[in-house]
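Peer 1: After the structure tokens below, expect a handful of questions from me.
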Amino acid sequence: MSVSTSACSHLGEVAVRELPAEVAGCEDCLRSGGKWLHLRICLTCGHVGCCDDSPNRHATAHNHETSHPLIRSLEPGEDWSWCYADDVAMIIEGVTGETRIPPSPLLQ
Ligand SMILES: [Zn+2]
Ligand SMILES: [Zn+2]
Ligand SMILES: [Zn+2]
């Protein structure tokens, strides 16, 4: 692990080591007809939610519901993760793969 990960004590909870090849969008927006801006994946269970700049903030809502602490950006070219519990951004080594995502419905 790199030095930048030392502020987070939840790396042992990372269960998603391989990102999905493709996702359809924010799971909760797809269900409710909402629109997302950017996509985040929960590294505990693989839930795909939308960012805090999206109207419904489903990634954060998922954290509040489940207490799953870590998300990773699914945006092309972004590899950062965020820990809600420690309030810290980091690069988590050992999470591989790149996810194909649809364009944001908000930007269409
Ligand atoms: Zn943490
Ligand atoms: Zn959403
Ligand atoms: Zn989760």
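Residue numbering restarts at 1 in every chain; chains get A, B, ... in the order shown in the structure tokens, and ligands count up from 1 in that same order.
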Dump the neighbourhood of ligand 1 as number ranges by chain: all residues within 10 Å, distances computed on only C-alpha atoms and all ligand atoms.
Peer 2: A: 5-13, 68-70, 82-90
Peer 1: Select the residues contacting ligand 2 at a distance of at most 9 Å, based on only C-alpha atoms and all ligand atoms, then format the selection as a CSV table (one decimal) with N, CA and C atoms, in the first residue's frame.
Peer 2:
```
chain,number,residue,atom,x,y,z
A,25,GLY,N,-25.5,2.3,-15.6
A,25,GLY,CA,-25.7,3.6,-15.0
A,25,GLY,C,-25.9,3.5,-13.5
A,26,CYS,N,-26.4,4.6,-12.8
A,26,CYS,CA,-26.7,4.5,-11.4
A,26,CYS,C,-27.9,3.6,-11.2
A,27,GLU,N,-27.7,2.5,-10.4
A,27,GLU,CA,-28.8,1.5,-10.2
A,27,GLU,C,-30.0,2.2,-9.7
A,28,ASP,N,-29.9,3.1,-8.8
A,28,ASP,CA,-31.1,3.7,-8.2
A,28,ASP,C,-31.8,4.7,-9.1
A,29,CYS,N,-31.0,5.5,-9.9
A,29,CYS,CA,-31.6,6.4,-10.9
A,29,CYS,C,-32.3,5.6,-12.0
A,30,LEU,N,-31.7,4.5,-12.4
A,30,LEU,CA,-32.4,3.6,-13.4
A,30,LEU,C,-33.7,3.1,-12.9
A,31,ARG,N,-33.8,2.8,-11.6
A,31,ARG,CA,-35.0,2.3,-11.0
A,31,ARG,C,-36.0,3.4,-10.9
A,32,SER,N,-35.6,4.6,-10.6
A,32,SER,CA,-36.5,5.7,-10.2
A,32,SER,C,-36.7,6.7,-11.4
A,33,GLY,N,-36.0,6.5,-12.4
A,33,GLY,CA,-36.1,7.5,-13.5
A,33,GLY,C,-35.3,8.8,-13.3
A,34,GLY,N,-34.4,8.7,-12.3
A,34,GLY,CA,-33.5,9.9,-12.1
A,34,GLY,C,-32.4,10.0,-13.1
A,35,LYS,N,-31.7,11.1,-13.0
A,35,LYS,CA,-30.5,11.4,-13.9
A,35,LYS,C,-29.3,11.6,-13.0
A,36,TRP,N,-28.2,10.9,-13.5
A,36,TRP,CA,-26.9,11.0,-12.8
A,36,TRP,C,-25.9,11.8,-13.6
A,37,LEU,N,-25.0,12.4,-12.8
A,37,LEU,CA,-23.9,13.1,-13.5
A,37,LEU,C,-22.7,12.1,-13.6
A,38,HIS,N,-22.1,11.8,-12.4
A,38,HIS,CA,-20.9,10.9,-12.4
A,38,HIS,C,-21.2,9.6,-11.6
A,39,LEU,N,-20.5,8.5,-12.0
A,39,LEU,CA,-20.8,7.2,-11.3
A,39,LEU,C,-19.7,6.8,-10.4
A,48,VAL,N,-23.6,0.4,-7.7
A,48,VAL,CA,-23.3,1.6,-8.5
A,48,VAL,C,-24.2,2.7,-8.2
A,49,GLY,N,-23.7,3.8,-7.8
A,49,GLY,CA,-24.5,5.0,-7.5
A,49,GLY,C,-24.0,6.3,-8.1
A,50,CYS,N,-24.7,7.4,-7.9
A,50,CYS,CA,-24.3,8.6,-8.5
A,50,CYS,C,-23.6,9.6,-7.5
A,51,CYS,N,-22.8,10.5,-8.0
A,51,CYS,CA,-22.0,11.4,-7.2
A,51,CYS,C,-22.8,12.4,-6.5
A,54,SER,N,-24.8,14.9,-8.5
A,54,SER,CA,-26.0,14.5,-9.1
A,54,SER,C,-27.2,14.8,-8.2
A,55,PRO,N,-28.4,15.0,-8.8
A,55,PRO,CA,-29.5,15.5,-8.0
A,55,PRO,C,-29.8,14.5,-6.8
A,56,ASN,N,-29.6,13.2,-7.0
A,56,ASN,CA,-30.1,12.3,-6.0
A,56,ASN,C,-29.0,11.7,-5.1
A,57,ARG,N,-27.7,11.9,-5.4
A,57,ARG,CA,-26.6,11.5,-4.6
A,57,ARG,C,-26.7,10.1,-4.1
A,58,HIS,N,-26.9,9.2,-5.0
A,58,HIS,CA,-27.2,7.8,-4.5
A,58,HIS,C,-26.0,7.1,-4.0
A,59,ALA,N,-24.8,7.5,-4.3
A,59,ALA,CA,-23.6,6.8,-3.7
A,59,ALA,C,-23.6,7.1,-2.2
```
Peer 1: Please identify all polymer residues within 12 Å of Gly77 of chain A, counting only C-alpha atoms, omitting same-chain residues fewer than 5 positions from it, and present them as a PyMOL selection string.
Peer 2: chain A and resi 72+97-101
Peer 1: Can you work out which residues are within 7 Å of ligand 3, considering only C-alpha atoms and all ligand atoms, and then hand them over as a VMD selection string?
Peer 2: chain A and resid 42 to 47 62 to 63 66 68
Peer 1: Print the selection's residues with C-alpha atoms to a file, as an mmCIF file, in the first residue's frame.
Peer 2:
```cif
data_model
loop_
_atom_site.group_PDB
_atom_site.id
_atom_site.type_symbol
_atom_site.label_atom_id
_atom_site.label_comp_id
_atom_site.auth_asym_id
_atom_site.auth_seq_id
_atom_site.Cartn_x
_atom_site.Cartn_y
_atom_site.Cartn_z
ATOM 1 C CA CYS A 42 -19.161 0.720 -3.691
ATOM 2 C CA LEU A 43 -16.033 -1.345 -3.047
ATOM 3 C CA THR A 44 -17.805 -3.442 -0.421
ATOM 4 C CA CYS A 45 -20.747 -4.743 -2.453
ATOM 5 C CA GLY A 46 -20.428 -3.374 -5.996
ATOM 6 C CA HIS A 47 -23.442 -1.052 -5.789
ATOM 7 C CA HIS A 62 -25.968 3.995 -0.160
ATOM 8 C CA ASN A 63 -23.258 4.763 2.389
ATOM 9 C CA THR A 66 -25.312 0.413 4.587
ATOM 10 C CA HIS A 68 -20.158 0.656 3.425
#
```
Peer 1: Among the residues of segment 12-108 of chain A, find those DSSP assigns to helix (DSSP H, G or I) from the backbone and print them as number ranges by chain.
Peer 2: A: 12-13, 27-32, 58-66, 105-107
Peer 1: Export, as a compact mmCIF listing (two decimals), in the first residue's frame, the selected residues with N, CA and C atoms.
Peer 2:
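That gives us part29.txt:
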```txt
# COMPACT_ATOMS: atom_id res chain seq x y z
N GLY A 12 -9.23 -3.22 4.52
CA GLY A 12 -9.55 -4.63 4.68
C GLY A 12 -10.97 -4.96 4.29
N GLU A 13 -11.80 -3.95 4.12
CA GLU A 13 -13.20 -4.17 3.74
C GLU A 13 -13.42 -4.14 2.24
N GLU A 27 -27.68 2.54 -10.40
CA GLU A 27 -28.75 1.55 -10.18
C GLU A 27 -30.04 2.21 -9.70
N ASP A 28 -29.90 3.14 -8.78
CA ASP A 28 -31.08 3.73 -8.16
C ASP A 28 -31.75 4.72 -9.10
N CYS A 29 -30.97 5.46 -9.89
CA CYS A 29 -31.56 6.37 -10.88
C CYS A 29 -32.29 5.57 -11.96
N LEU A 30 -31.71 4.46 -12.37
CA LEU A 30 -32.35 3.64 -13.41
C LEU A 30 -33.70 3.13 -12.91
N ARG A 31 -33.76 2.82 -11.62
CA ARG A 31 -34.99 2.31 -11.03
C ARG A 31 -36.04 3.41 -10.88
N SER A 32 -35.58 4.61 -10.56
CA SER A 32 -36.52 5.69 -10.22
C SER A 32 -36.73 6.68 -11.35
N HIS A 58 -26.93 9.17 -4.97
CA HIS A 58 -27.21 7.81 -4.54
C HIS A 58 -26.02 7.08 -3.95
N ALA A 59 -24.80 7.46 -4.33
CA ALA A 59 -23.64 6.80 -3.73
C ALA A 59 -23.55 7.13 -2.24
N THR A 60 -23.77 8.39 -1.90
CA THR A 60 -23.76 8.80 -0.51
C THR A 60 -24.95 8.20 0.23
N ALA A 61 -26.12 8.16 -0.43
CA ALA A 61 -27.30 7.55 0.19
C ALA A 61 -27.03 6.08 0.51
N HIS A 62 -26.32 5.40 -0.39
CA HIS A 62 -25.97 4.00 -0.16
C HIS A 62 -25.07 3.86 1.07
N ASN A 63 -24.13 4.78 1.22
CA ASN A 63 -23.26 4.76 2.39
C ASN A 63 -24.08 4.96 3.67
N HIS A 64 -25.04 5.88 3.61
CA HIS A 64 -25.86 6.12 4.81
C HIS A 64 -26.71 4.90 5.15
N GLU A 65 -27.18 4.20 4.13
CA GLU A 65 -28.03 3.03 4.36
C GLU A 65 -27.24 1.83 4.88
N THR A 66 -26.03 1.67 4.35
CA THR A 66 -25.31 0.41 4.59
C THR A 66 -24.07 0.56 5.45
N PRO A 105 -26.96 11.10 -18.41
CA PRO A 105 -28.24 11.59 -18.93
C PRO A 105 -28.43 13.08 -18.63
N LEU A 106 -27.75 13.56 -17.62
CA LEU A 106 -27.86 14.99 -17.26
C LEU A 106 -27.22 15.87 -18.32
N LEU A 107 -26.23 15.33 -19.01
CA LEU A 107 -25.45 16.14 -19.95
C LEU A 107 -25.94 15.98 -21.39
```
Peer 1: Which residues in chain A does DSSP call strand (DSSP E or B)? List them as an MDAnalysis selection string.
Peer 2: chainID A and resid 18 22 39:42 48:50 70:73 81:83 88:90 96 100
Peer 1: Which neighbours of Thr96 of chain A fall inside 10 Å, counting only C-alpha atoms, when residues of the same chain fewer than 5 positions from it are skipped, and could you give them as a list in words?
Peer 2: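 Once the nearby chain positions are removed, what remains is Val16, Arg17, Glu18, Leu19, Pro20 and Asp79 of chain A.
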Peer 1: Give me, please, the distance in Å between atom CA of Val23 of chain A and atom CA of Pro102 of chain A, quoted to one decimal.
Peer 2: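 About the pair atom CA of Val23 of chain A and atom CA of Pro102 of chain A: they are 7.6 Å apart.
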